[in-house]
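J.: So I've got this file, start35.csv, and it contains CSV, C-alpha atoms and all ligand atoms:
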```csv
chain,number,residue,atom,x,y,z
E,1,MET,CA,0.0,0.0,0.0
E,2,THR,CA,2.9,2.4,0.8
E,3,GLU,CA,4.2,1.5,-2.7
E,4,LYS,CA,1.0,2.7,-4.3
E,5,ASN,CA,1.0,5.9,-2.2
E,6,LYS,CA,4.6,6.5,-3.2
E,7,GLU,CA,3.7,6.4,-6.9
E,8,MET,CA,0.7,8.7,-6.4
E,9,ASP,CA,0.9,12.3,-7.4
E,10,LYS,CA,1.9,14.5,-4.4
E,11,GLY,CA,-1.3,16.7,-4.7
E,12,ALA,CA,-3.5,13.5,-4.7
E,13,VAL,CA,-1.7,12.2,-1.6
E,14,PHE,CA,-2.3,15.6,0.2
E,15,GLU,CA,-6.0,15.5,-0.7
E,16,LYS,CA,-6.3,11.9,0.6
E,17,ILE,CA,-4.6,12.8,3.9
E,18,THR,CA,-6.9,15.8,4.4
E,19,ALA,CA,-9.9,13.6,3.7
E,20,ARG,CA,-8.7,10.8,6.1
E,21,LYS,CA,-8.0,13.4,8.8
E,22,LYS,CA,-11.6,14.7,8.5
E,23,GLU,CA,-12.9,11.1,8.6
E,24,LEU,CA,-10.9,10.2,11.7
E,25,ALA,CA,-11.3,13.6,13.5
E,26,GLY,CA,-11.4,13.3,17.3
E,27,LYS,CA,-9.7,9.8,17.1
E,28,VAL,CA,-6.3,10.7,15.7
E,29,LEU,CA,-3.7,13.2,16.8
E,30,ILE,CA,-0.8,14.0,14.5
E,31,LEU,CA,2.3,15.3,16.2
E,32,ALA,CA,5.3,16.6,14.3
E,33,HIS,CA,8.8,17.6,15.3
E,34,HIS,CA,10.2,20.8,13.8
E,35,TYR,CA,12.8,18.9,11.7
E,36,GLN,CA,10.0,17.3,9.6
E,37,GLN,CA,9.8,18.1,6.0
E,38,GLU,CA,7.1,20.7,5.1
E,39,ASP,CA,5.0,18.1,3.1
E,40,VAL,CA,4.5,16.2,6.4
E,41,TYR,CA,4.6,19.2,8.9
E,42,GLN,CA,1.6,20.9,7.3
E,43,PHE,CA,-0.7,18.0,8.5
E,44,ALA,CA,0.3,18.2,12.2
E,45,ASP,CA,-2.2,19.0,14.8
E,46,PHE,CA,0.6,20.0,17.1
E,47,THR,CA,4.3,20.8,16.4
E,48,GLY,CA,7.1,21.3,18.8
E,49,ASP,CA,10.5,20.5,20.2
E,50,SER,CA,11.1,17.3,22.1
E,51,LEU,CA,9.8,18.7,25.4
E,52,LYS,CA,6.7,20.3,24.0
E,53,LEU,CA,5.8,17.1,22.1
E,54,ALA,CA,6.3,15.0,25.2
E,55,ARG,CA,3.9,17.3,27.1
E,56,GLN,CA,1.4,17.1,24.2
E,57,ALA,CA,1.5,13.3,24.2
E,58,ALA,CA,1.1,13.2,28.0
E,59,GLU,CA,-2.0,15.5,27.8
E,60,ALA,CA,-3.6,13.8,24.7
E,61,ASP,CA,-6.8,11.9,24.9
E,62,SER,CA,-7.0,10.7,21.3
E,63,GLU,CA,-7.1,7.0,20.6
E,64,TYR,CA,-4.3,7.1,18.1
E,65,ILE,CA,-1.2,9.4,18.1
E,66,ILE,CA,0.7,9.4,14.9
E,67,PHE,CA,4.2,10.6,15.7
E,68,CYS,CA,6.0,12.3,12.8
E,69,GLY,CA,9.4,12.3,14.5
E,70,VAL,CA,11.9,9.6,15.4
E,71,HIS,CA,11.7,6.3,17.3
E,72,PHE,CA,12.7,7.6,20.8
E,73,MET,CA,10.0,10.3,20.7
E,74,ALA,CA,7.3,7.8,19.8
E,75,GLU,CA,8.6,5.6,22.7
E,76,SER,CA,8.3,8.5,25.2
E,77,ALA,CA,4.8,9.2,23.9
E,78,ASP,CA,3.8,5.6,24.5
E,79,VAL,CA,5.2,5.7,28.0
E,80,LEU,CA,3.4,8.9,28.8
E,81,THR,CA,0.0,7.9,27.3
E,82,SER,CA,-2.6,5.4,28.7
E,83,ALA,CA,-2.7,1.7,27.7
E,84,LYS,CA,-5.9,2.5,25.7
E,85,GLN,CA,-4.0,4.8,23.3
E,86,ALA,CA,-1.8,3.6,20.4
E,87,VAL,CA,1.3,5.5,19.3
E,88,ILE,CA,2.3,5.0,15.7
E,89,LEU,CA,5.5,5.8,13.9
E,90,PRO,CA,4.8,6.0,10.1
E,91,ASP,CA,8.3,4.5,9.2
E,92,LEU,CA,10.1,2.2,11.7
E,93,ASN,CA,13.4,3.2,10.1
E,94,ALA,CA,13.1,6.6,11.6
E,95,GLY,CA,15.6,6.2,14.5
E,96,CYS,CA,18.2,8.5,15.9
E,97,PRO,CA,21.8,7.6,15.3
E,98,MET,CA,22.8,9.5,18.5
E,99,ALA,CA,20.4,7.6,20.6
E,100,ASP,CA,21.9,4.4,19.2
E,101,MET,CA,25.3,5.4,20.5
E,102,ALA,CA,24.4,4.3,24.0
E,103,THR,CA,23.0,0.8,24.4
E,104,VAL,CA,21.8,-0.3,27.8
E,105,GLU,CA,24.4,-3.0,27.9
E,106,GLU,CA,27.2,-0.5,27.4
E,107,VAL,CA,25.8,1.9,29.9
E,108,GLU,CA,25.3,-0.9,32.6
E,109,SER,CA,28.9,-2.0,32.1
E,110,ALA,CA,30.2,1.6,32.3
E,111,TRP,CA,28.1,2.2,35.4
E,112,HIS,CA,29.6,-0.9,37.0
E,113,GLU,CA,33.1,0.3,36.3
E,114,LEU,CA,32.3,3.8,37.6
E,115,THR,CA,30.8,2.6,40.8
E,116,GLU,CA,33.9,0.4,41.3
E,117,VAL,CA,36.1,3.5,41.3
E,118,CYS,CA,33.6,6.0,42.9
E,119,GLY,CA,31.8,3.6,45.2
E,120,ASP,CA,31.8,6.1,48.1
E,121,GLN,CA,30.2,8.9,46.0
E,122,LYS,CA,26.6,9.2,44.9
E,123,ILE,CA,26.3,9.2,41.2
E,124,ILE,CA,23.1,10.4,39.5
E,125,PRO,CA,22.4,9.4,35.9
E,126,VAL,CA,20.9,11.8,33.5
E,127,THR,CA,19.8,10.9,30.0
E,128,TYR,CA,19.0,13.2,27.1
E,129,VAL,CA,15.5,12.4,25.8
E,130,ASN,CA,17.3,11.2,22.6
E,131,SER,CA,17.8,7.7,24.1
E,132,SER,CA,16.0,4.4,24.1
E,133,ALA,CA,13.2,3.6,26.6
E,134,ARG,CA,15.6,1.0,28.1
E,135,ILE,CA,18.2,3.7,28.9
E,136,LYS,CA,15.5,5.9,30.4
E,137,ALA,CA,14.4,3.0,32.5
E,138,PHE,CA,18.0,2.5,33.7
E,139,VAL,CA,18.1,6.2,34.6
E,140,GLY,CA,14.7,6.1,36.3
E,141,THR,CA,15.5,3.1,38.5
E,142,HIS,CA,18.9,4.6,39.5
E,143,GLY,CA,17.4,7.9,40.8
E,144,GLY,CA,18.0,10.0,37.7
E,145,ALA,CA,16.0,12.0,35.2
E,146,VAL,CA,15.5,12.7,31.5
E,147,CYS,CA,16.4,16.1,30.1
E,148,THR,CA,15.8,17.8,26.7
E,149,SER,CA,17.7,20.5,25.0
E,150,SER,CA,15.4,23.1,26.6
E,151,ASN,CA,15.8,22.1,30.2
E,152,ALA,CA,19.2,20.3,30.3
E,153,GLU,CA,20.8,23.0,32.6
E,154,ARG,CA,17.9,22.8,35.0
E,155,VAL,CA,17.9,19.0,35.2
E,156,LEU,CA,21.7,18.9,35.5
E,157,SER,CA,21.6,21.4,38.3
E,158,TRP,CA,18.9,19.3,40.1
E,159,ALA,CA,20.9,16.1,39.6
E,160,LEU,CA,24.0,17.7,41.1
E,161,SER,CA,21.9,18.8,44.1
E,162,GLN,CA,21.0,15.1,44.6
E,163,GLY,CA,24.4,13.6,44.5
E,164,ASP,CA,28.2,14.1,44.1
E,165,LYS,CA,28.4,13.7,40.3
E,166,VAL,CA,26.4,13.1,37.2
E,167,PHE,CA,26.8,10.4,34.5
E,168,PHE,CA,25.3,12.0,31.4
E,169,PHE,CA,24.3,10.3,28.2
E,170,PRO,CA,24.3,10.0,25.2
E,171,ASP,CA,25.2,13.5,23.9
E,172,GLU,CA,28.7,14.7,24.9
E,173,HIS,CA,28.0,18.2,23.6
E,174,LEU,CA,24.7,18.9,25.3
E,175,GLY,CA,26.4,17.6,28.5
E,176,ARG,CA,29.4,19.8,28.1
E,177,ASN,CA,27.4,22.9,27.1
E,178,SER,CA,25.1,22.5,30.1
E,179,SER,CA,28.0,21.8,32.5
E,180,LYS,CA,29.9,24.9,31.3
E,181,ALA,CA,26.7,27.1,31.6
E,182,LEU,CA,26.5,26.0,35.2
E,183,GLY,CA,30.1,27.2,35.8
E,184,ILE,CA,31.7,23.7,36.2
E,185,ASP,CA,35.4,23.8,35.6
E,186,ASP,CA,37.0,22.0,32.6
E,187,GLU,CA,38.9,19.6,34.9
E,188,GLU,CA,35.6,18.5,36.5
E,189,ILE,CA,34.0,17.6,33.1
E,190,VAL,CA,35.2,14.2,32.0
E,191,LEU,CA,34.6,12.4,28.7
E,192,TRP,CA,33.8,8.7,29.0
E,193,ARG,CA,35.2,7.0,25.8
E,194,ARG,CA,32.8,4.3,24.6
E,195,GLY,CA,34.2,0.8,24.6
E,196,GLU,CA,37.3,1.7,26.8
E,197,ARG,CA,37.8,0.5,30.3
E,198,PHE,CA,36.9,3.3,32.8
E,199,GLY,CA,36.2,5.3,29.7
E,200,ALA,CA,40.0,5.8,29.3
E,201,ASN,CA,40.1,7.8,32.5
E,202,SER,CA,42.3,7.5,35.6
E,203,ASP,CA,40.7,6.8,39.0
E,204,GLU,CA,41.6,10.3,40.2
E,205,LYS,CA,40.0,12.0,37.2
E,206,LEU,CA,36.7,10.1,37.7
E,207,LYS,CA,36.8,10.8,41.5
E,208,ASN,CA,37.2,14.5,40.9
E,209,ALA,CA,34.6,14.8,38.2
E,210,LYS,CA,31.3,16.6,38.6
E,211,THR,CA,30.0,15.5,35.2
E,212,ILE,CA,31.0,12.4,33.2
E,213,LEU,CA,29.9,12.7,29.6
E,214,TRP,CA,29.2,9.7,27.3
E,215,GLN,CA,30.9,10.0,24.0
E,216,GLY,CA,27.9,10.4,21.7
E,217,TYR,CA,27.0,13.0,19.2
E,218,CYS,CA,24.5,14.1,16.5
E,219,HIS,CA,26.1,14.0,13.0
E,220,VAL,CA,24.0,17.0,11.9
E,221,HIS,CA,25.0,19.3,14.8
E,222,GLN,CA,28.6,18.0,14.9
E,223,GLU,CA,29.1,20.0,11.6
E,224,PHE,CA,29.0,23.4,13.3
E,225,SER,CA,32.2,25.1,14.4
E,226,ALA,CA,33.6,28.4,15.8
E,227,ASP,CA,35.2,28.9,12.4
E,228,LEU,CA,31.8,28.9,10.6
E,229,VAL,CA,30.5,31.5,13.1
E,230,ARG,CA,33.6,33.7,12.5
E,231,ARG,CA,33.1,33.4,8.7
E,232,TRP,CA,29.5,34.6,8.9
E,233,ARG,CA,30.4,37.5,11.1
E,234,GLU,CA,33.0,38.6,8.5
E,235,LYS,CA,30.6,38.2,5.7
E,236,VAL,CA,27.5,39.9,7.2
E,237,THR,CA,27.9,42.9,9.5
E,238,GLY,CA,25.7,42.6,12.6
E,239,ILE,CA,24.6,39.0,11.9
E,240,GLN,CA,23.3,37.1,15.0
E,241,VAL,CA,24.2,33.5,15.4
E,242,ILE,CA,21.9,31.1,17.1
E,243,ILE,CA,22.8,27.4,17.5
E,244,HIS,CA,21.4,24.2,18.9
E,245,PRO,CA,23.2,22.9,22.1
E,246,GLU,CA,23.9,19.5,20.4
E,247,SER,CA,26.7,21.4,18.7
E,248,PRO,CA,30.3,21.4,19.9
E,249,PHE,CA,31.1,23.8,22.8
E,250,GLU,CA,33.5,25.9,20.8
E,251,ALA,CA,30.7,26.7,18.3
E,252,VAL,CA,28.2,27.4,21.0
E,253,ALA,CA,30.6,29.7,22.8
E,254,ALA,CA,31.3,31.6,19.6
E,255,ALA,CA,27.5,32.1,18.9
E,256,ASP,CA,25.3,34.9,20.3
E,257,MET,CA,22.8,32.5,21.8
E,258,TYR,CA,21.8,28.8,21.9
E,259,GLY,CA,18.7,26.9,22.5
E,260,SER,CA,16.3,24.1,21.6
E,261,THR,CA,14.4,24.2,18.3
E,262,GLU,CA,11.5,25.9,20.0
E,263,ASP,CA,13.9,28.6,21.4
E,264,ILE,CA,15.4,29.1,18.0
E,265,ILE,CA,11.9,29.7,16.5
E,266,ALA,CA,11.0,32.2,19.3
E,267,ALA,CA,14.3,34.2,18.8
E,268,VAL,CA,13.8,34.6,15.1
E,269,ARG,CA,10.1,35.3,15.4
E,270,ASP,CA,10.7,38.0,18.0
E,271,ALA,CA,13.6,39.6,16.1
E,272,ALA,CA,13.2,43.0,14.4
E,273,PRO,CA,12.6,43.0,10.6
E,274,GLY,CA,15.8,43.5,8.6
E,275,THR,CA,17.9,41.6,11.1
E,276,SER,CA,20.3,38.9,9.9
E,277,TRP,CA,20.6,35.4,11.3
E,278,ALA,CA,22.9,32.4,10.9
E,279,ILE,CA,21.2,29.3,12.4
E,280,GLY,CA,23.0,26.2,13.4
E,281,THR,CA,20.4,23.4,13.3
E,282,GLU,CA,18.7,21.0,10.9
E,283,VAL,CA,17.9,22.4,7.5
E,284,ASN,CA,14.2,21.8,7.3
E,285,LEU,CA,13.7,24.1,10.3
E,286,VAL,CA,16.0,26.8,8.9
E,287,ASN,CA,14.2,26.7,5.5
E,288,ARG,CA,10.8,27.0,7.2
E,289,LEU,CA,12.0,30.0,9.1
E,290,LYS,CA,13.3,31.6,5.9
E,291,ALA,CA,9.9,31.1,4.2
E,292,GLN,CA,8.0,32.3,7.3
E,293,TYR,CA,10.1,35.5,7.8
E,294,PRO,CA,11.0,36.9,4.4
E,295,ASP,CA,11.5,40.3,6.1
E,296,LYS,CA,14.6,38.7,7.9
E,297,ASN,CA,17.8,37.7,6.4
E,298,ILE,CA,18.2,34.0,7.4
E,299,HIS,CA,21.0,31.6,6.6
E,300,LEU,CA,22.0,28.1,7.5
E,301,LEU,CA,25.2,28.2,9.5
E,302,ALA,CA,27.0,25.5,7.6
E,303,ASP,CA,27.4,25.1,3.8
E,304,THR,CA,26.8,21.3,4.0
E,305,ALA,CA,23.3,19.7,3.8
E,306,CYS,CA,22.5,19.5,7.5
E,307,THR,CA,19.7,17.0,7.0
E,308,CYS,CA,18.6,14.5,9.5
E,309,ASN,CA,18.1,11.5,7.2
E,310,THR,CA,16.1,9.5,9.8
E,311,MET,CA,13.6,12.3,10.4
E,312,SER,CA,13.2,12.4,6.6
E,313,CYS,CA,12.0,8.8,6.6
E,314,ILE,CA,8.5,10.1,7.5
E,315,THR,CA,6.8,11.0,4.2
E,316,PRO,CA,3.2,12.0,3.1
E,317,ALA,CA,3.1,8.5,1.5
E,318,ASN,CA,3.7,6.6,4.8
E,319,LEU,CA,1.5,9.0,6.8
E,320,LEU,CA,-1.4,8.3,4.3
E,321,TRP,CA,-0.7,4.6,4.6
E,322,VAL,CA,-1.1,4.8,8.4
E,323,LEU,CA,-4.3,6.8,8.1
E,324,ASP,CA,-5.7,4.4,5.4
E,325,ASN,CA,-5.1,1.5,7.8
E,326,LEU,CA,-6.7,3.3,10.7
E,327,ALA,CA,-9.8,4.0,8.6
E,328,ALA,CA,-9.9,0.3,7.8
E,329,GLY,CA,-9.7,-0.4,11.6
E,330,LYS,CA,-6.1,-1.6,11.5
E,331,VAL,CA,-3.2,-0.2,13.6
E,332,VAL,CA,0.2,-0.4,11.8
E,333,ASN,CA,3.7,0.4,13.1
E,334,GLN,CA,2.5,0.7,16.7
E,335,ILE,CA,5.4,1.6,19.1
E,336,THR,CA,5.0,-0.3,22.3
E,337,VAL,CA,7.3,-0.1,25.3
E,338,GLU,CA,7.3,-3.3,27.4
E,339,ARG,CA,5.6,-2.8,30.8
E,340,GLU,CA,8.6,-3.0,33.2
E,341,THR,CA,10.7,-0.8,30.9
E,342,ALA,CA,7.8,1.7,30.6
E,343,ALA,CA,7.5,1.9,34.4
E,344,GLY,CA,11.2,2.7,34.9
E,345,SER,CA,11.2,5.1,31.9
E,346,LYS,CA,8.2,6.9,33.2
E,347,LEU,CA,9.9,7.5,36.6
E,348,ALA,CA,12.7,9.4,34.7
E,349,LEU,CA,10.3,11.2,32.4
E,350,ASP,CA,8.0,12.3,35.2
E,351,ARG,CA,11.0,13.5,37.2
E,352,MET,CA,11.9,15.7,34.3
E,353,LEU,CA,8.3,17.0,33.9
E,354,GLU,CA,8.3,17.9,37.6
E,355,ILE,CA,11.7,19.6,37.7
T,1,LIG,P1,14.8,19.7,20.3
T,1,LIG,O1,13.6,19.8,19.3
T,1,LIG,O2,14.3,19.3,21.6
T,1,LIG,O3,15.5,20.9,20.3
T,1,LIG,O4,15.7,18.5,19.8
T,1,LIG,C1,16.4,18.4,18.6
T,1,LIG,C2,16.6,17.1,18.2
T,1,LIG,O5,17.6,16.7,17.7
T,1,LIG,C3,15.5,16.1,18.2
T,1,LIG,O6,16.1,14.9,17.8
T,2,LIG,FE1,19.1,12.3,16.2
T,2,LIG,FE2,20.5,14.4,15.3
T,2,LIG,FE3,18.5,13.5,13.9
T,2,LIG,FE4,18.0,14.8,16.2
T,2,LIG,S1,18.9,15.7,14.4
T,2,LIG,S2,17.1,12.9,15.5
T,2,LIG,S3,19.8,14.1,17.4
T,2,LIG,S4,20.4,12.4,14.4
```
For this file, write the structure as structure tokens.
Ligand code: 13P
Ligand code: SF4
T.:
Amino acid sequence: MTEKNKEMDKGAVFEKITARKKELAGKVLILAHHYQQEDVYQFADFTGDSLKLARQAAEADSEYIIFCGVHFMAESADVLTSAKQAVILPDLNAGCPMADMATVEEVESAWHELTEVCGDQKIIPVTYVNSSARIKAFVGTHGGAVCTSSNAERVLSWALSQGDKVFFFPDEHLGRNSSKALGIDDEEIVLWRRGERFGANSDEKLKNAKTILWQGYCHVHQEFSADLVRRWREKVTGIQVIIHPESPFEAVAAADMYGSTEDIIAAVRDAAPGTSWAIGTEVNLVNRLKAQYPDKNIHLLADTACTCNTMSCITPANLLWVLDNLAAGKVVNQITVERETAAGSKLALDRMLEI
């Protein structure tokens, strides 16, 4: 059926989605992340960054939630919704390579090594929402919390008030940017190299650390550098640079401001007409802002593609396929988190929503 939808003319697919949405009104809620392509984004009932979408899912009462985002987001939605609701991901290949950089087996083994060295200290785990439900469950059952790019500093600060140090995964950059923003010294921020015993750190280094960062990254945001920021400043006088905190610290430090996708949207929306912006985040969001604010001079920070290929797996064709099946009484591509994992994961997500 997806094949048939793929071959169909784009206009015809759009018309069918609109008709199915009307037919299923009240039963189906479509959520879309800001990195979705316009062809999908236009059909969303709600759009948002990871935090906003998690809240939307938690508050939703629709029977079916179609998540136009990536796998970890749909998992969080499943954990936060009731057992009577079904969360659907239109393409199961829509994962997050960064989330995949920390498996629960790797994290458990690292935790074991860390507690061997720092047994007399209290370690609080914190995971970025870009992680599997199993990682979130590990964090939840070890007294920690989830964070997103819009609350990472707040969650980190809470975690440090609960213990002696924080083990942060899977994004090194978000962990470093948040640690630096809280004024933690460089010597107290330690990188845990994946696959190496004690993360390739000495006992002393681990004992003195305030934050220990897992060596994971997002290939889209890894592209941004202080050099690109400098080049834009040379090229356009008065340009303001805003960047997502999944970017390396040097790039974030060189920018004028940083924040989640929702923060980036707000900064550009509230800026005066005629202002110039270089934006360091995924290209679909930057292109949307360009189209929405033609009175502002908006550029992508890098000259490379900056596309999240997994977000792009969601298409109008597979969205229609899901809707067609729901209209026929069939749920396809449901994301279900196993009960015990969901309970642990919910602890970590609820802690975040409370902080
Ligand atoms: P936010 O929308 O929370 O800023 O996250 C960006 C992201 O990479 C989602 O995968
Ligand atoms: Fe993962 Fe990066 Fe894509 Fe976000 S943009 S889903 S972090 S790969």
J.: How would you write, as a list in words, the set of residues no farther than 8 Å from ligand LIG 1 (chain T) when counting only C-alpha atoms and all ligand atoms?
T.: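 Based on only C-alpha atoms and all ligand atoms, ligand LIG 1 (chain T) is surrounded within 8 Å by His33, His34, Tyr35, Gly48, Asp49, Ser50, Leu51, Gly69, Val70, Cys96, Asn130, Thr148, Ser149, Ser150, Cys218, His244, Glu246, Gly259, Ser260, Thr261, Glu262 and Asp263 of chain E.
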J.: Any residue with an atom at most 10 Å from ligand LIG 2 (chain T) counts, using only C-alpha atoms and all ligand atoms. Which are they? Put them as a ChimeraX atom specification.
T.: /E:33,35,50,69-73,94-100,128-131,170-171,216-222,244,246-247,281-283,306-312
J.: Residues of the last selection are to be written out with C-alpha atoms, as a PDB file, in the coordinates of the input.
T.:
```
ATOM      1  CA  HIS E  33       8.800  17.600  15.300  1.00  0.00           C
ATOM      2  CA  TYR E  35      12.800  18.900  11.700  1.00  0.00           C
ATOM      3  CA  SER E  50      11.100  17.300  22.100  1.00  0.00           C
ATOM      4  CA  GLY E  69       9.400  12.300  14.500  1.00  0.00           C
ATOM      5  CA  VAL E  70      11.900   9.600  15.400  1.00  0.00           C
ATOM      6  CA  HIS E  71      11.700   6.300  17.300  1.00  0.00           C
ATOM      7  CA  PHE E  72      12.700   7.600  20.800  1.00  0.00           C
ATOM      8  CA  MET E  73      10.000  10.300  20.700  1.00  0.00           C
ATOM      9  CA  ALA E  94      13.100   6.600  11.600  1.00  0.00           C
ATOM     10  CA  GLY E  95      15.600   6.200  14.500  1.00  0.00           C
ATOM     11  CA  CYS E  96      18.200   8.500  15.900  1.00  0.00           C
ATOM     12  CA  PRO E  97      21.800   7.600  15.300  1.00  0.00           C
ATOM     13  CA  MET E  98      22.800   9.500  18.500  1.00  0.00           C
ATOM     14  CA  ALA E  99      20.400   7.600  20.600  1.00  0.00           C
ATOM     15  CA  ASP E 100      21.900   4.400  19.200  1.00  0.00           C
ATOM     16  CA  TYR E 128      19.000  13.200  27.100  1.00  0.00           C
ATOM     17  CA  VAL E 129      15.500  12.400  25.800  1.00  0.00           C
ATOM     18  CA  ASN E 130      17.300  11.200  22.600  1.00  0.00           C
ATOM     19  CA  SER E 131      17.800   7.700  24.100  1.00  0.00           C
ATOM     20  CA  PRO E 170      24.300  10.000  25.200  1.00  0.00           C
ATOM     21  CA  ASP E 171      25.200  13.500  23.900  1.00  0.00           C
ATOM     22  CA  GLY E 216      27.900  10.400  21.700  1.00  0.00           C
ATOM     23  CA  TYR E 217      27.000  13.000  19.200  1.00  0.00           C
ATOM     24  CA  CYS E 218      24.500  14.100  16.500  1.00  0.00           C
ATOM     25  CA  HIS E 219      26.100  14.000  13.000  1.00  0.00           C
ATOM     26  CA  VAL E 220      24.000  17.000  11.900  1.00  0.00           C
ATOM     27  CA  HIS E 221      25.000  19.300  14.800  1.00  0.00           C
ATOM     28  CA  GLN E 222      28.600  18.000  14.900  1.00  0.00           C
ATOM     29  CA  HIS E 244      21.400  24.200  18.900  1.00  0.00           C
ATOM     30  CA  GLU E 246      23.900  19.500  20.400  1.00  0.00           C
ATOM     31  CA  SER E 247      26.700  21.400  18.700  1.00  0.00           C
ATOM     32  CA  THR E 281      20.400  23.400  13.300  1.00  0.00           C
ATOM     33  CA  GLU E 282      18.700  21.000  10.900  1.00  0.00           C
ATOM     34  CA  VAL E 283      17.900  22.400   7.500  1.00  0.00           C
ATOM     35  CA  CYS E 306      22.500  19.500   7.500  1.00  0.00           C
ATOM     36  CA  THR E 307      19.700  17.000   7.000  1.00  0.00           C
ATOM     37  CA  CYS E 308      18.600  14.500   9.500  1.00  0.00           C
ATOM     38  CA  ASN E 309      18.100  11.500   7.200  1.00  0.00           C
ATOM     39  CA  THR E 310      16.100   9.500   9.800  1.00  0.00           C
ATOM     40  CA  MET E 311      13.600  12.300  10.400  1.00  0.00           C
ATOM     41  CA  SER E 312      13.200  12.400   6.600  1.00  0.00           C
TER      42      SER E 312
END
```
J.: Please provide as a list in words all residues within 10 Å of Glu172 of chain E, with the sequence filter that same-chain residues fewer than 2 positions apart are discarded (counting all atoms listed in the file).
T.: Phe168, Phe169, Pro170, Leu174, Gly175, Arg176, Asn177, Val190, Leu191, Trp192, Ile212, Leu213, Trp214, Gln215, Gly216, Tyr217, Cys218, Glu246, Ser247, Pro248 and Phe249 of chain E
J.: Between E:Ala317, E:Ala181, E:Ile279, E:Ala102, single out the one closest to Ala253 of chain E, counting only C-alpha atoms.
T.: E:Ala181
J.: I need the residue nearest Ile239 of chain E from this list: E:Ile298, E:Ala267, E:Val107, E:Leu206. Use only C-alpha atoms for the distance.
T.: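 Of the candidates, the smallest distance to Ile239 of chain E is held by E:Ile298.
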J.: Glu153 of chain E: which residues within 8 Å, counting all atoms listed in the file, same-chain residues fewer than 3 positions away excluded, as a ChimeraX atom specification?
T.: /E:156-157,178-179,181-182
J.: Starting from the sparse input, extend segment 98-109 of chain E to N, CA, C and O atoms and give the output as an mmCIF file, in the frame of the given file.
T.:
```cif
data_model
loop_
_atom_site.group_PDB
_atom_site.id
_atom_site.type_symbol
_atom_site.label_atom_id
_atom_site.label_comp_id
_atom_site.auth_asym_id
_atom_site.auth_seq_id
_atom_site.Cartn_x
_atom_site.Cartn_y
_atom_site.Cartn_z
ATOM 1 N N MET E 98 22.228 9.158 17.166
ATOM 2 C CA MET E 98 22.800 9.500 18.500
ATOM 3 C C MET E 98 22.305 8.642 19.585
ATOM 4 O O MET E 98 23.076 8.151 20.427
ATOM 5 N N ALA E 99 20.994 8.427 19.585
ATOM 6 C CA ALA E 99 20.400 7.600 20.600
ATOM 7 C C ALA E 99 21.002 6.182 20.583
ATOM 8 O O ALA E 99 21.247 5.561 21.624
ATOM 9 N N ASP E 100 21.292 5.711 19.374
ATOM 10 C CA ASP E 100 21.900 4.400 19.200
ATOM 11 C C ASP E 100 23.300 4.261 19.722
ATOM 12 O O ASP E 100 23.848 3.158 19.816
ATOM 13 N N MET E 101 23.931 5.403 20.010
ATOM 14 C CA MET E 101 25.300 5.400 20.500
ATOM 15 C C MET E 101 25.446 4.967 21.945
ATOM 16 O O MET E 101 26.563 4.838 22.458
ATOM 17 N N ALA E 102 24.323 4.831 22.629
ATOM 18 C CA ALA E 102 24.400 4.300 24.000
ATOM 19 C C ALA E 102 23.388 3.191 24.170
ATOM 20 O O ALA E 102 22.179 3.439 24.256
ATOM 21 N N THR E 103 23.879 1.955 24.187
ATOM 22 C CA THR E 103 23.000 0.800 24.400
ATOM 23 C C THR E 103 22.936 0.592 25.941
ATOM 24 O O THR E 103 23.876 0.971 26.660
ATOM 25 N N VAL E 104 21.879 -0.047 26.405
ATOM 26 C CA VAL E 104 21.800 -0.300 27.800
ATOM 27 C C VAL E 104 22.862 -1.196 28.347
ATOM 28 O O VAL E 104 23.377 -1.005 29.463
ATOM 29 N N GLU E 105 23.289 -2.128 27.512
ATOM 30 C CA GLU E 105 24.400 -3.000 27.900
ATOM 31 C C GLU E 105 25.667 -2.258 28.142
ATOM 32 O O GLU E 105 26.361 -2.457 29.147
ATOM 33 N N GLU E 106 25.980 -1.351 27.223
ATOM 34 C CA GLU E 106 27.200 -0.500 27.400
ATOM 35 C C GLU E 106 27.113 0.359 28.615
ATOM 36 O O GLU E 106 28.083 0.508 29.353
ATOM 37 N N VAL E 107 25.940 0.965 28.805
ATOM 38 C CA VAL E 107 25.800 1.900 29.900
ATOM 39 C C VAL E 107 25.860 1.116 31.262
ATOM 40 O O VAL E 107 26.510 1.570 32.220
ATOM 41 N N GLU E 108 25.264 -0.068 31.325
ATOM 42 C CA GLU E 108 25.300 -0.900 32.600
ATOM 43 C C GLU E 108 26.755 -1.250 32.888
ATOM 44 O O GLU E 108 27.188 -1.182 34.042
ATOM 45 N N SER E 109 27.504 -1.627 31.854
ATOM 46 C CA SER E 109 28.900 -2.000 32.100
ATOM 47 C C SER E 109 29.735 -0.814 32.537
ATOM 48 O O SER E 109 30.552 -0.904 33.450
#
```
